[in-house]
Amino acid sequence: MSEGPVTARPPRMEVRVGTLVLRNPVVAASGCFGYGAELADLCDLGRLGGISTKGLSPRPVRGNPGPRVVETPGGMINAIGLENVGVEAFLAEKLPKLRALGPDCPRVIANIWDTSIDGYATVTRALRGAPGLDAIEVNISCPNLKEGGDEFGTDPRKAAEVTAAVKRDADVPVIVKLSPNAGARLLEVARAVEAAGADAVSAVNTITGLAIDLDTRRPVLAYGTGGLSGPAIKPLALRMVWQLASALRIPVMGIGGITSGRDAAEFLLAGARAVQVGTATFSDPGAPARIADELEALLAARGVRDVNDWIGKLEK
């Protein structure tokens with residue numbers, strides 16, 4: 001629902017996620033926005049606070065066989081398997097295209113992953129000193145891998161080990177992307193990565209789900225299960241973000257079913273310092289910029305002068 005034209009003075013939208021400064025709280029989520037520059041003709045990148053790139057591994061990865069995506073009521077399930085060009089190609093081909101955007105380039109967050117702790121460290125070392133790179137997001141929460149992924153994100157000890165390994169070699173802020181599949185251990189995992197040196201966490205990644213083809217009596221996705229995302233998971237994600245923001249000293253970036261400025265405002269009110277927009281971009285590639293505009297209009301209509309005055313103000 002539209003908040004109507006902005007008649008009040010536009011609010012200040014700049015936020016800090018630890019030491020990472022974003023011109024507004026809206027970030028394009030990893031895995032849904034390519035490497036960023038590919039969508040410059042479809043989305044006003046100058047309106048975004050940041051872009052979290054497609055997950056980067058030490059070497060190129062082809063991902064899982066198809067079918068890899070299926071639409072479901074209220075969202076989609078994917079089992080893409082973190083297909084990517086590899087960190088070296090990212091540095092040589094993808095990051096320079098983002099830098100070429102000049103002032104329109106939002107903050108660049110390199111999402112990284114591997115099946116081993118040494119692999120995470122390898123990617124981190126490759127990214128050291130990269131011009132135009134502003135932060136690293138450590139994906140320990142992909143449910144579509146036979147090794148790694150949720151294996152790290154649901155075990156506090158392993159999550160802490162990955163975080164510590166990345167922190168040792170990183171020269172930019174480190175954000176750890178948490179798994180909703182940790183269930184009752186989510187706060188335990190979050191506190192473990194905080195103690196290991198994470199500068200922030202992002203939450204949440206997709207929830208493991210299943211779609212079935214009645215005619216073949218088989219899973220729709222070739223991998224079997226996949227990660228459920230979209231509006232269907234928003235209430236769960238919102239609850240987890242609220243719990244994390246209440247329990248941690250480090251900032252939280254909220255993710256999960258955000259399709260409008262109102263959704264973004266709810267996550268910020270629950271305590272998120274910023275939000276990531278993912279699945280919405282599949283039907284509307286310009287969604288992150290639109291949501292940033294809608295959020296600004298919503299706050300202005302409520303007389304909010306600074307977005308930071310809205311963050312974490314949920315009445316209990």
# chains A, B, ... in the order shown; residues from 1 in each chain; ligands from 1
>>> residues_around(residues="Thr124 (chain A)", least_positions_apart="5", cutoff="7 Å", atoms="only C-alpha atoms", output="PyMOL selection string")
chain A and resi 166+169-170
>>> write_last_selection(atoms="N, CA and C atoms", output="mmCIF file, in the first residue's frame")
data_model
loop_
_atom_site.group_PDB
_atom_site.id
_atom_site.type_symbol
_atom_site.label_atom_id
_atom_site.label_comp_id
_atom_site.auth_asym_id
_atom_site.auth_seq_id
_atom_site.Cartn_x
_atom_site.Cartn_y
_atom_site.Cartn_z
ATOM 1 N N VAL A 166 37.963 -16.291 8.831
ATOM 2 C CA VAL A 166 37.759 -15.162 7.922
ATOM 3 C C VAL A 166 38.276 -13.876 8.548
ATOM 4 N N ASP A 169 42.034 -12.989 8.205
ATOM 5 C CA ASP A 169 42.579 -12.539 6.927
ATOM 6 C C ASP A 169 41.839 -11.354 6.315
ATOM 7 N N ALA A 170 40.691 -10.982 6.863
ATOM 8 C CA ALA A 170 39.883 -9.916 6.260
ATOM 9 C C ALA A 170 40.437 -8.534 6.599
#
>>> select_by_dssp(residues="region 3-219 of chain A", states="strand (DSSP E)", output="MDAnalysis selection string")
chainID A and resid 15:17 20:22 26:28 50:52 69:72 75:78 107:112 135:139 174:177 200:203 207:209 212:213 218:219
>>> residues_around(residues="Ala160 (chain A)", least_positions_apart="4", cutoff="12 Å", atoms="only C-alpha atoms", output="PyMOL selection string")
chain A and resi 117+138+140+152-156+164-167+176+178+188-198
>>> closest_atom_pairs(of="region 65-162 of chain A", to="region 215-220 of chain A", cutoff="10 Å", atoms="only C-alpha atoms", output="JSON lines")
{"residue": "A:Gly66", "atom": "CA", "partner": "A:Val220", "partner_atom": "CA", "distance": 9.5}
{"residue": "A:Pro67", "atom": "CA", "partner": "A:Val220", "partner_atom": "CA", "distance": 7.1}
{"residue": "A:Arg68", "atom": "CA", "partner": "A:Val220", "partner_atom": "CA", "distance": 8.5}
{"residue": "A:Val69", "atom": "CA", "partner": "A:Val220", "partner_atom": "CA", "distance": 8.6}
{"residue": "A:Val70", "atom": "CA", "partner": "A:Val220", "partner_atom": "CA", "distance": 7.3}
{"residue": "A:Ile77", "atom": "CA", "partner": "A:Val220", "partner_atom": "CA", "distance": 9.8}
>>> closest_atom_pairs(of="region 89-113 of chain A", to="region 9-30 of chain A", cutoff="12 Å", atoms="only C-alpha atoms", output="tab-separated table")
residue	atom	partner	partner_atom	distance
A:Pro103	CA	A:Arg23	CA	11.4
A:Asp104	CA	A:Arg23	CA	10.9
A:Cys105	CA	A:Arg23	CA	10.8
A:Pro106	CA	A:Leu22	CA	7.8
A:Arg107	CA	A:Leu22	CA	6.7
A:Val108	CA	A:Val27	CA	9.4
A:Ile109	CA	A:Ser30	CA	8.9
A:Ala110	CA	A:Ser30	CA	8.6
A:Asn111	CA	A:Ser30	CA	6.6
A:Ile112	CA	A:Ser30	CA	9.7
A:Trp113	CA	A:Ser30	CA	11.5
